[in-house]
Each structure stands twice: as C-alpha cells, then as structure tokens.
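For reference, protein34.cif (mmCIF, C-alpha atoms):
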data_query
loop_
_atom_site.label_atom_id
_atom_site.label_comp_id
_atom_site.auth_asym_id
_atom_site.auth_seq_id
_atom_site.Cartn_x
_atom_site.Cartn_y
_atom_site.Cartn_z
CA MET A 177 -4.20 0.63 -7.41
CA SER A 178 -2.86 3.96 -8.72
CA THR A 179 -0.06 5.85 -6.99
CA VAL A 180 -2.40 8.60 -5.85
CA GLY A 181 -5.04 6.09 -4.74
CA GLY A 182 -2.55 4.04 -2.76
CA LEU A 183 -1.10 7.09 -1.05
CA GLY A 184 -4.64 8.30 -0.38
CA VAL A 185 -5.47 5.14 1.55
CA THR A 186 -2.21 5.44 3.48
CA VAL A 187 -2.85 9.09 4.30
CA VAL A 188 -6.35 8.32 5.59
CA ALA A 189 -4.99 5.55 7.81
CA THR A 190 -2.10 7.58 9.22
CA SER A 191 -4.33 10.60 9.79
CA ALA A 192 -6.84 8.46 11.66
CA MET A 193 -4.10 7.09 13.92
CA SER A 194 -2.85 10.60 14.66
CA TYR A 195 -6.37 11.76 15.49
CA VAL A 196 -6.78 8.90 17.95
CA LEU A 197 -3.52 9.78 19.68
CA ILE A 198 -4.20 13.52 19.90
CA ILE A 199 -7.78 13.06 21.11
CA GLY A 200 -6.67 10.32 23.50
CA ALA A 201 -4.12 12.68 25.04
CA GLY A 202 -6.85 15.29 25.48
CA LYS A 203 -8.94 12.74 27.36
CA TYR A 204 -6.30 11.97 29.97
CA LEU A 205 -4.69 15.40 30.35
CA GLY A 206 -6.15 18.61 31.71
CA SER A 207 -6.18 21.76 29.61
CA ALA A 208 -2.87 23.10 30.96
CA ASP A 209 -0.97 19.78 30.64
CA ASN A 210 -2.53 19.18 27.26
CA ALA A 211 -1.25 22.56 26.08
CA ILE A 212 2.27 21.48 27.10
CA PHE A 213 1.86 18.12 25.37
CA LEU A 214 0.59 19.77 22.18
CA ALA A 215 3.51 22.20 22.32
CA PHE A 216 5.79 19.13 22.52
CA TRP A 217 3.91 17.50 19.62
CA GLY A 218 4.13 20.70 17.61
CA LEU A 219 7.83 21.11 18.37
CA LEU A 220 8.75 17.54 17.40
CA MET A 221 6.60 17.53 14.27
CA GLY A 222 7.76 21.03 13.42
CA VAL A 223 11.46 20.14 13.69
CA GLY A 224 10.75 16.94 11.77
CA SER A 225 9.13 19.02 9.07
CA ALA A 226 12.17 21.31 9.04
CA LEU A 227 14.41 18.30 8.44
CA SER A 228 12.12 16.78 5.81
CA PRO A 229 13.88 18.43 2.82
CA VAL A 230 16.23 15.44 2.90
CA GLU A 231 13.22 13.41 1.75
CA GLN A 232 12.40 15.77 -1.12
CA GLU A 233 16.05 16.16 -2.10
CA LEU A 234 16.70 12.42 -2.21
CA SER A 235 13.49 11.87 -4.17
CA ARG A 236 14.73 14.51 -6.64
CA GLN A 237 18.18 12.92 -6.88
CA THR A 238 16.69 9.46 -7.38
CA ALA A 239 14.20 10.61 -10.02
CA ALA A 240 16.83 12.64 -11.86
CA ALA A 241 19.23 9.65 -11.89
CA ALA A 242 16.42 7.40 -13.16
CA THR A 243 15.92 9.66 -16.19
CA ARG A 244 19.53 8.79 -17.08
CA GLY A 245 19.02 5.09 -16.39
CA ALA A 246 21.24 5.25 -13.29
CA ARG A 247 21.08 5.22 -9.49
CA PRO A 248 21.80 8.22 -7.25
CA GLY A 249 25.40 8.53 -6.14
CA LEU A 250 27.51 9.76 -3.25
CA SER A 251 25.39 12.91 -2.94
CA VAL A 252 22.83 10.80 -1.07
CA ALA A 253 25.23 10.11 1.81
CA ARG A 254 26.39 13.71 1.90
CA THR A 255 22.81 15.01 1.95
CA VAL A 256 21.95 12.76 4.89
CA ALA A 257 25.14 13.78 6.72
CA VAL A 258 24.33 17.48 6.41
CA THR A 259 20.81 16.87 7.73
CA HIS A 260 22.11 14.83 10.67
CA LEU A 261 24.44 17.64 11.68
CA VAL A 262 21.53 20.07 11.72
CA ALA A 263 19.49 17.59 13.80
CA ILE A 264 22.31 17.32 16.34
CA ALA A 265 22.49 21.12 16.58
CA VAL A 266 18.76 21.32 17.29
CA THR A 267 19.06 18.60 19.94
CA ALA A 268 21.81 20.59 21.66
CA LEU A 269 19.65 23.72 21.57
CA LEU A 270 16.78 21.91 23.31
CA ALA A 271 19.17 21.01 26.14
CA VAL A 272 19.79 24.70 26.94
CA PRO A 273 18.04 25.26 30.31
CA THR A 274 16.34 28.54 29.34
CA VAL A 275 14.93 27.04 26.13
CA ASN A 276 13.83 23.91 27.99
CA ALA A 277 12.09 25.90 30.70
CA LYS A 278 10.30 28.20 28.27
CA LEU A 279 8.90 25.30 26.27
CA PHE A 280 8.17 22.68 28.91
CA GLY A 281 8.38 24.34 32.34
CA ARG A 282 9.11 21.82 35.05
CA HIS A 283 8.83 18.90 32.59
CA TRP A 284 12.53 19.02 31.67
CA ASP A 285 12.51 15.39 30.52
CA LEU A 286 10.37 16.31 27.50
CA ALA A 287 13.34 18.13 25.95
CA LEU A 288 15.46 14.96 26.24
CA ILE A 289 12.74 12.85 24.63
CA ALA A 290 12.26 15.42 21.87
CA GLY A 291 16.01 15.40 21.23
CA VAL A 292 16.03 11.64 20.69
CA GLY A 293 13.13 11.94 18.25
CA VAL A 294 14.82 14.77 16.36
CA ALA A 295 18.13 12.91 16.07
CA THR A 296 16.45 9.90 14.41
CA PHE A 297 14.32 11.85 11.92
CA PRO A 298 16.94 12.25 9.12
CA ALA A 299 17.26 8.50 8.54
CA LEU A 300 13.47 8.14 8.43
CA TYR A 301 13.08 10.86 5.81
CA ALA A 302 16.06 9.63 3.82
CA LEU A 303 14.55 6.19 3.30
CA ARG A 304 11.20 7.72 2.44
CA GLY A 305 12.85 9.92 -0.19
CA LEU A 306 14.69 7.00 -1.78
CA PHE A 307 11.53 4.89 -1.94
CA ILE A 308 9.27 7.54 -3.47
CA GLY A 309 11.95 8.76 -5.88
CA ALA A 310 12.40 5.19 -7.15
CA ALA A 311 8.61 4.80 -7.47
CA GLN A 312 8.60 2.10 -4.76
CA ASN A 313 5.26 3.33 -3.53
CA GLY A 314 4.40 0.23 -1.55
CA ARG A 315 7.48 0.56 0.64
CA TYR A 316 6.90 4.29 0.98
CA SER A 317 3.36 3.68 2.22
CA ALA A 318 4.60 0.96 4.56
CA ILE A 319 7.10 3.25 6.28
CA LEU A 320 4.43 5.95 6.69
CA LEU A 321 2.08 3.44 8.30
CA ALA A 322 4.87 2.11 10.54
CA GLU A 323 5.67 5.62 11.79
CA ALA A 324 2.08 6.37 12.83
CA GLY A 325 1.46 2.80 13.97
CA VAL A 326 4.39 2.74 16.40
CA ARG A 327 3.13 5.91 18.08
CA LEU A 328 -0.42 4.64 18.44
CA ALA A 329 0.64 1.15 19.59
CA LEU A 330 2.84 2.56 22.36
CA PHE A 331 0.13 5.02 23.38
CA ALA A 332 -2.40 2.15 23.59
CA GLY A 333 0.05 0.02 25.56
CA PHE A 334 0.73 2.79 28.08
CA THR A 335 -2.99 3.44 28.43
CA VAL A 336 -3.79 -0.21 29.11
CA ALA A 337 -1.00 -0.23 31.70
CA GLY A 338 -2.49 2.85 33.36
CA ILE A 339 0.45 5.09 32.42
CA ASN A 340 -1.03 8.32 31.07
CA GLY A 341 1.35 11.09 32.06
CA LEU A 342 3.10 13.62 29.85
CA THR A 343 6.33 11.64 29.78
CA SER A 344 4.77 8.41 28.51
CA LEU A 345 2.81 10.26 25.83
CA ALA A 346 5.97 12.03 24.71
CA VAL A 347 7.86 8.73 24.50
CA ALA A 348 5.11 7.25 22.33
CA VAL A 349 5.25 10.21 19.93
CA ALA A 350 9.05 10.30 19.68
CA ALA A 351 9.28 6.54 19.10
CA GLY A 352 7.63 6.95 15.70
CA SER A 353 10.83 8.57 14.45
CA CYS A 354 12.55 5.18 14.77
CA ALA A 355 10.12 3.44 12.39
CA TRP A 356 12.80 3.39 9.68
CA LEU A 357 14.84 0.65 11.34
CA PRO A 358 13.01 -2.36 9.76
CA PHE A 359 13.38 -0.79 6.30
CA VAL A 360 17.15 -0.34 6.20
CA PHE A 361 17.74 -3.74 4.60
CA ARG A 362 15.20 -2.99 1.85
CA ALA A 363 17.07 0.18 0.89
CA ARG A 364 20.34 -1.64 0.18
CA GLY A 365 21.51 -1.33 -3.38
CA MET A 366 19.46 1.79 -4.12
CA VAL A 367 22.54 4.05 -4.03
CA GLU A 368 25.69 3.80 -6.14
CA THR A 369 28.32 5.13 -3.76
CA SER A 370 31.06 4.83 -6.38
CA THR A 371 29.38 7.57 -8.42
CA PRO A 372 30.92 10.99 -7.61
CA GLY A 373 28.70 13.24 -5.57
CA GLU A 374 27.88 16.90 -5.73
CA PRO A 375 30.58 19.15 -4.19
CA TRP A 376 30.14 19.68 -0.46
CA GLY A 377 29.89 23.45 -0.78
CA ALA A 378 27.01 23.47 -3.25
CA LEU A 379 25.19 20.73 -1.35
CA TRP A 380 25.62 22.50 2.01
CA ARG A 381 24.24 25.75 0.62
CA ARG A 382 21.21 24.13 -0.97
CA MET A 383 20.35 21.84 1.95
CA LEU A 384 20.73 24.55 4.57
CA GLY A 385 18.52 26.77 2.44
CA LEU A 386 15.88 24.05 2.12
CA ILE A 387 16.05 23.24 5.84
CA ALA A 388 15.71 26.93 6.67
CA SER A 389 12.65 27.22 4.43
CA SER A 390 11.12 24.10 5.98
CA ALA A 391 11.80 25.42 9.48
CA LEU A 392 9.95 28.58 8.54
CA THR A 393 7.15 26.40 7.13
CA ALA A 394 7.00 24.37 10.33
CA SER A 395 6.69 27.53 12.43
CA VAL A 396 3.28 28.17 10.87
CA LEU A 397 2.22 24.53 10.51
CA THR A 398 2.62 21.91 13.25
CA GLY A 399 5.12 24.05 15.15
CA TYR A 400 2.69 26.95 15.47
CA PRO A 401 1.59 26.05 19.04
CA ALA A 402 5.23 26.13 20.17
CA VAL A 403 5.74 29.54 18.51
CA VAL A 404 2.57 30.96 20.08
CA LYS A 405 3.49 29.57 23.49
CA ILE A 406 6.88 31.30 23.35
CA ALA A 407 5.21 34.60 22.40
CA ALA A 408 2.34 34.26 24.90
CA PRO A 409 2.43 35.81 28.38
CA PRO A 410 3.13 33.41 31.28
CA GLY A 411 0.13 31.52 32.62
CA SER A 412 -1.73 31.38 29.27
CA GLU A 413 -1.87 27.59 29.07
CA GLU A 414 -5.51 27.34 30.17
CA MET A 415 -6.57 29.93 27.60
CA LEU A 416 -4.54 28.33 24.82
CA GLY A 417 -5.53 24.71 25.48
CA GLY A 418 -8.52 24.75 23.13
CA LEU A 419 -6.67 26.60 20.37
CA PHE A 420 -3.70 24.26 20.51
CA LEU A 421 -5.99 21.23 20.35
CA ALA A 422 -7.79 22.69 17.33
CA VAL A 423 -4.49 23.48 15.59
CA SER A 424 -3.16 19.99 16.28
CA LEU A 425 -6.32 18.26 15.10
CA LEU A 426 -6.29 20.26 11.87
CA ARG A 427 -2.58 20.64 11.18
CA SER A 428 -1.01 17.33 12.23
CA PRO A 429 -3.05 15.17 9.84
CA LEU A 430 -2.58 17.95 7.27
CA LEU A 431 1.18 17.48 7.53
CA LEU A 432 0.80 13.72 7.14
CA VAL A 433 -1.22 14.37 4.00
CA LEU A 434 1.13 17.01 2.59
CA SER A 435 4.45 15.32 3.26
CA PRO A 436 3.94 12.41 0.85
CA ILE A 437 2.07 14.56 -1.69
CA GLN A 438 4.77 17.22 -1.65
CA THR A 439 7.48 14.58 -1.92
CA LEU A 440 5.62 12.94 -4.81
CA ALA A 441 5.28 16.36 -6.48
CA VAL A 442 9.04 16.92 -6.64
CA PRO A 443 9.95 13.96 -8.91
CA THR A 444 6.73 14.58 -10.88
CA VAL A 445 7.84 18.15 -11.63
CA VAL A 446 11.31 16.89 -12.55
CA ARG A 447 9.77 14.56 -15.13
CA ILE A 448 7.45 17.27 -16.49
CA LEU A 449 10.35 19.67 -16.95
CA HIS A 450 12.17 17.05 -19.00
CA GLN A 451 9.27 17.09 -21.45
CA PRO A 452 8.82 19.57 -24.31
CA ASP A 453 7.01 22.73 -23.17
CA GLY A 454 7.13 21.51 -19.56
CA GLY A 455 7.59 25.01 -18.12
CA ARG A 456 4.45 26.38 -19.75
CA ARG A 457 2.50 23.33 -18.64
CA LEU A 458 3.50 23.97 -15.02
CA ASN A 459 2.43 27.61 -15.30
CA ARG A 460 -1.00 26.55 -16.54
CA ILE A 461 -1.31 24.13 -13.62
CA ALA A 462 -0.34 26.91 -11.19
CA ALA A 463 -2.94 29.30 -12.62
CA ALA A 464 -5.70 26.71 -12.41
CA GLY A 465 -4.61 25.76 -8.90
CA ALA A 466 -4.82 29.36 -7.68
CA GLY A 467 -8.50 29.63 -8.57
CA ALA A 468 -9.30 26.23 -7.12
CA THR A 469 -7.50 27.12 -3.89
CA VAL A 470 -9.68 30.17 -3.25
CA ILE A 471 -12.87 28.20 -3.84
CA VAL A 472 -11.79 25.28 -1.65
CA GLY A 473 -10.57 27.67 1.05
CA LEU A 474 -13.96 29.40 1.27
CA VAL A 475 -15.81 26.09 1.38
CA VAL A 476 -13.54 24.60 4.06
CA SER A 477 -13.72 27.80 6.11
CA ALA A 478 -17.53 27.74 6.03
CA VAL A 479 -17.68 24.06 6.95
CA ALA A 480 -15.21 24.59 9.81
CA TYR A 481 -17.27 27.54 11.10
CA VAL A 482 -20.43 25.41 11.26
CA ALA A 483 -19.04 21.99 12.15
CA GLY A 484 -15.94 22.80 14.23
CA PRO A 485 -17.59 23.74 17.55
CA TRP A 486 -20.11 20.93 17.06
CA VAL A 487 -17.30 18.38 16.72
CA PHE A 488 -15.72 19.61 19.97
CA HIS A 489 -19.13 19.39 21.65
CA LEU A 490 -19.43 15.75 20.56
CA LEU A 491 -15.95 15.00 21.88
CA HIS A 492 -17.09 16.25 25.27
CA VAL A 493 -20.44 14.44 25.10
CA PHE A 494 -18.74 11.13 24.41
CA HIS A 495 -16.10 11.86 27.07
CA LEU A 496 -13.27 11.82 24.55
CA LEU A 497 -11.73 14.90 26.13
CA HIS A 498 -10.71 15.63 29.70
CA GLU A 499 -13.42 17.03 31.93
CA ASP A 500 -11.77 20.47 31.61
CA GLN A 501 -13.49 22.55 28.95
CA PHE A 502 -11.67 23.22 25.68
CA THR A 503 -13.34 26.36 24.34
CA VAL A 504 -13.01 26.72 20.56
CA PRO A 505 -15.20 29.46 19.00
CA ALA A 506 -16.59 29.07 15.48
CA TRP A 507 -14.52 31.95 14.11
CA THR A 508 -11.36 30.22 15.32
CA MET A 509 -12.20 27.06 13.39
CA ALA A 510 -13.08 29.08 10.27
CA GLY A 511 -9.76 30.91 10.35
CA LEU A 512 -7.78 27.71 10.86
CA GLY A 513 -9.71 26.01 8.05
CA TRP A 514 -8.87 28.78 5.57
CA SER A 515 -5.29 28.84 6.82
CA GLY A 516 -4.87 25.11 6.22
CA ILE A 517 -5.89 25.32 2.57
CA MET A 518 -3.57 28.28 1.97
CA LEU A 519 -0.69 26.31 3.50
CA VAL A 520 -1.46 23.30 1.30
CA ALA A 521 -1.29 25.39 -1.86
CA THR A 522 1.84 27.23 -0.74
CA MET A 523 3.67 23.99 0.04
CA LEU A 524 2.79 22.52 -3.35
CA ALA A 525 4.01 25.68 -5.09
CA GLY A 526 7.19 25.38 -3.03
CA ALA A 527 7.65 21.80 -4.26
CA VAL A 528 7.85 23.16 -7.81
CA LEU A 529 10.67 25.49 -6.76
CA VAL A 530 12.45 22.62 -4.97
CA ALA A 531 12.30 20.53 -8.13
CA ARG A 532 13.80 23.45 -10.08
CA LYS A 533 16.57 23.81 -7.43
CA GLN A 534 15.50 27.43 -6.78
CA THR A 535 16.29 27.20 -3.09
CA GLY A 536 16.60 30.94 -2.47
CA ARG A 537 13.09 31.54 -3.72
CA VAL A 538 11.72 28.77 -1.49
CA VAL A 539 13.33 30.44 1.53
CA ALA A 540 11.94 33.84 0.49
CA VAL A 541 8.37 32.52 0.26
CA TRP A 542 8.39 30.94 3.71
CA ALA A 543 10.25 33.85 5.26
CA VAL A 544 7.30 36.04 4.26
CA VAL A 545 4.83 33.61 5.85
CA ALA A 546 6.77 33.06 9.10
CA ALA A 547 7.72 36.71 9.62
CA LEU A 548 4.20 37.97 8.96
CA SER A 549 2.58 35.41 11.28
CA LEU A 550 4.98 36.24 14.12
CA LEU A 551 4.54 39.97 13.56
CA VAL A 552 0.76 39.66 13.78
CA VAL A 553 0.98 37.57 16.97
CA LEU A 554 3.30 40.06 18.61
CA VAL A 555 1.81 43.45 17.66
CA SER A 556 -1.89 42.94 16.93
CA PRO A 557 -4.42 44.12 19.54
CA GLY A 558 -6.66 41.66 21.35
CA SER A 559 -6.20 38.45 23.27
CA ILE A 560 -3.40 36.00 22.55
CA VAL A 561 -5.96 33.59 21.04
CA PHE A 562 -7.29 36.25 18.64
CA ARG A 563 -3.76 37.27 17.63
CA ALA A 564 -2.74 33.65 17.07
CA VAL A 565 -5.71 32.93 14.81
CA LEU A 566 -5.25 36.20 12.92
CA GLY A 567 -1.59 35.41 12.29
CA ALA A 568 -2.45 31.89 11.15
CA THR A 569 -4.98 33.30 8.66
CA ILE A 570 -3.24 36.32 7.15
CA ALA A 571 0.31 35.01 6.77
CA PRO A 572 -0.34 31.90 4.61
CA THR A 573 -2.63 33.91 2.34
CA ALA A 574 0.10 36.44 1.65
CA GLY A 575 2.63 33.63 1.27
CA LEU A 576 0.53 31.87 -1.37
CA VAL A 577 0.39 35.02 -3.47
CA VAL A 578 4.19 35.35 -3.31
CA ALA A 579 4.68 31.63 -4.06
CA LEU A 580 2.44 31.61 -7.14
CA LEU A 581 4.03 34.77 -8.52
CA THR A 582 7.44 33.20 -7.99
CA VAL A 583 6.46 29.96 -9.73
CA VAL A 584 5.04 31.60 -12.86
CA THR A 585 7.72 34.25 -13.31
CA THR A 586 11.04 32.54 -12.54
CA LEU A 587 11.40 29.58 -14.88
CA PRO A 588 14.45 30.17 -17.09
CA ARG A 589 14.17 29.25 -20.75
CA GLY A 590 15.55 25.85 -21.51
CA HIS A 591 15.77 25.01 -17.80
CA ARG A 592 16.28 21.37 -16.99
CA PRO A 593 16.54 20.21 -13.38
CA GLY A 594 19.68 18.25 -12.60
#

Output the structure of this file as structure tokens.
Amino acid sequence: MSTVGGLGVTVVATSAMSYVLIIGAGKYLGSADNAIFLAFWGLLMGVGSALSPVEQELSRQTAAAATRGARPGLSVARTVAVTHLVAIAVTALLAVPTVNAKLFGRHWDLALIAGVGVATFPALYALRGLFIGAAQNGRYSAILLAEAGVRLALFAGFTVAGINGLTSLAVAVAAGSCAWLPFVFRARGMVETSTPGEPWGALWRRMLGLIASSALTASVLTGYPAVVKIAAPPGSEEMLGGLFLAVSLLRSPLLLVLSPIQTLAVPTVVRILHQPDGGRRLNRIAAAGAGATVIVGLVVSAVAYVAGPWVFHLLHVFHLLHEDQFTVPAWTMAGLGWSGIMLVATMLAGAVLVARKQTGRVVAVWAVVAALSLLVVLVSPGSIVFRAVLGATIAPTAGLVVALLTVVTTLPRGHRPG
C-alpha cells in the first residue's frame, strides 16, 4: 500500500473514532454542558496543535539527515525540551483562577485534566515526527490510531459503567495524549545524540516562532470554540451549543487529516528542494493548488449548505444527540465548509515555508488569519453566532491569499533546506 493510501486509511479510521466521541458526548450532555465540553475539546486540541511543530521540525531534521546518510543529532532532544517548557507554561496558565473560570465556569477540574493532556503532548508529537521523517509510515499510522483509540475506548468504558459527566469525558479525551508510551522502545536508536546539535539560540527562536504560528492556527481551527466563548457575552452557552458542535464535527477530523498530511509535506518539500529546479516545481504546484482550492471550496460549501442541517436532523431522529435542540442553520454549515477548505490550503502552504525554515513568514501568515478572525468576532454587527461564522469564513480566505503570495515570491535562488 502506498504512503498516501496507508495514511488515508488511518485518517478515515481516526476521524470516525473522533466523530463517535463527539456525537456521543452530544447525546449525554445538554446544550450548555456540551458547549463547555466542546470548549474543553477545542482548547486541548488547539494547544496540542500549537505544540505540533515539534512533529514537523523533527520530521524535517530526520529527512534532512537522511539525505546525508545520517541520523538526526542532539537537536532532537533540544527541540523536544523547548516544546516541553512551552507546554509547562501553558499548563500553569490554565491553573490561573480567572482563566479557569472564564473557560470552564464551576468545572474547575477540567483545567487540571487539560493541563495533564497538554504536558504529555510534546512526547507524542516527537515520536510521530521521528517516525514520519524516517519513512516509518506503519509506526506513524499505529501511533495515530492508538491516540484516537485510547480516547474512544475510555469513553465507551465510562458509558458502559454509567459515567457520562463532563469530568469523565474530559479524562477520556486527555488520555489520548499518553498514547506514545508503548512506542518509546521502538524509537530507540533513531537519534545520534553524539552528533552536535543546533545552537540553543537559533533553535529557540525558530521553535518559538513555529509554536506561535501554530497557536495562531489553532485559534481558528479546533481552538475556535474556546476563542469565541471568551469573546462571547456571559450566558451564551445555549446559543453557541449548535455552532460549537458543528465546528467540532467539521474541524476536529479535519485536524486529524491535516496533521499527518502536513507533517508528510515537510520532508517531501525538503526532498524536492534538493532536486534540480525544485523551487520552480513548488511554485507550479502552488499555482495549480490555488485554483483547485477555490473549486473545492465552492463545492464543499454548497454540499454543506444542503446536507449540513439534514445531517443534524438525522442525529436527532436517531437520538444521537441530547434531547435539547442544537440549531445549526444552512448558512452556518456553508460558511464552515468553505472555511475548512481555506484552512487546509493555508496549512499546506505553511508546510512549504516550514520546510524552507522561513519561520517568520509562517508566523506572519497565521497572524493575519487569527487577528482578522478575532477582529470580525469582536466588532461585526449581529449575533455572536453570525459574527463567529463570519470570522471563520473571511479570515482563512485572506490568509490563503497571503500564504500563496509568500510561497511563490520568497524562495531564494540556490536555497537548500538544512
């Protein structure tokens, strides 16, 4: 089976497991509690996404070392250490009472559970990066399946035991971050620690830049419900329940799809740029991708407009959602559908910049997307739901334009990624 085919099967399986968990939570929680759970889900997945550059960076280091017939060196350990320090800082921030209260209200324990999940993410992404960079696609797929499988297995176990509260659901979600533990032994020998690493200063600057860009990305992807909840007036949970469920159903599997594809794209770009005329080849791919993105975005938006409300109706008919009504208008689904495709294309364009070590430009692209989405949510007229959908639609579109222009205009002559 080809690399893309094997990852495709893995992505379908992990997406299906995430759908079951998200829909299952909607069945046992009312609209208000489900909004809090989805904010927790969005926060954890969003912070995980922010920390995921360690996966792309280690895949780049591994692929670059392989082109020299070597293994990655001490930079691997330093990259993981930097990411762990950032994770610890985020965990401490979640423990601040005002932050905790704004995100989770009286459910203070959710911040503790989220902190545990955040603190274990760097090791998970590190192993994934080493596996995919070394073209060990079977192990990479296995760790992806383990991550989603642990969450679903715990959720099923709690459900069978009659434990369906917010805390148990949060524990099930956070436990997936520990799926790396069985794979530690298999990663032995993949790093040559005797090889000198990149200087701490250069590595710190690049990793913090990549983490910052990924945090901005997460704020408009899986973390969007948490951002909207912070910006929303108090007591909006009932109104936002349907929107958050729609965002989670569309964005969470999207992240599962994009994470391995984006990680695979980084070493692929590294190899292309080591070929003659690699820069021009990438520019041609970017130009073709821009046209395809617009077409796919229009098609997905139309399908979401027609099928989205119908899908939610079926979920209610088959009692897969709580008896509370989750209202999701057709225009909301259309906007989120278009937004998802724009985010896909922007993330892939960003992977090209990551492979070229153009960290500042990656940050600039996602700063445009995050700032514009927040600005629209805060200052646009209309309800909080309308503003949230408008921000989710406009910002990624503008970001894609900036990303593509950056990709096709910033490749130095004779550039070779290190």

Give me, as CSV, each residue of region 279-334 of chain A that comes within 7 Å of region 241-265 of chain A, together with its shortest interatomic pair and the distance in Å at one decimal, counting all atoms listed in the file, with rows ordered by chain and rising residue number.
residue,atom,partner,partner_atom,distance
A:Val294,CA,A:Ala263,CA,6.0
A:Ala295,CA,A:Ala263,CA,5.4
A:Pro298,CA,A:His260,CA,6.0
A:Ala302,CA,A:Val256,CA,6.8

- From the set A:Gly567, A:Lys203, A:Val528, A:Val266, which residue has the shortest atom-to-atom contact distance to Val445 (chain A), counting all atoms listed in the file? A:Val528

- Restricting to all atoms listed in the file, whichever of A:Arg381, A:Arg362, A:Lys405, A:Arg304 is closest to Gly281 (chain A) is A:Lys405

- Task: Dig up all the protein and nucleic acid residues within 6 Å of (3.8, 7.3, 1.7) in the file frame, using all atoms listed in the file, and format them as a PyMOL selection string.
- Result: chain A and resi 183+316-317+320+436

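Closest to Ser390 (chain A) among A:Gly526, A:Pro452, A:Gly558, A:Gly206 is A:Gly526, based on only C-alpha atoms.
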
- Within-6 Å shell of (4.7, 19.0, 26.6) in input frame, all atoms listed in the file, as a ChimeraX atom specification: /A:212-213,215-216,280

- Message: Can you measure CA of Phe562 (chain A) to CA of Leu548 (chain A) for me? One decimal in Å is fine.
- Response: 15.1 Å
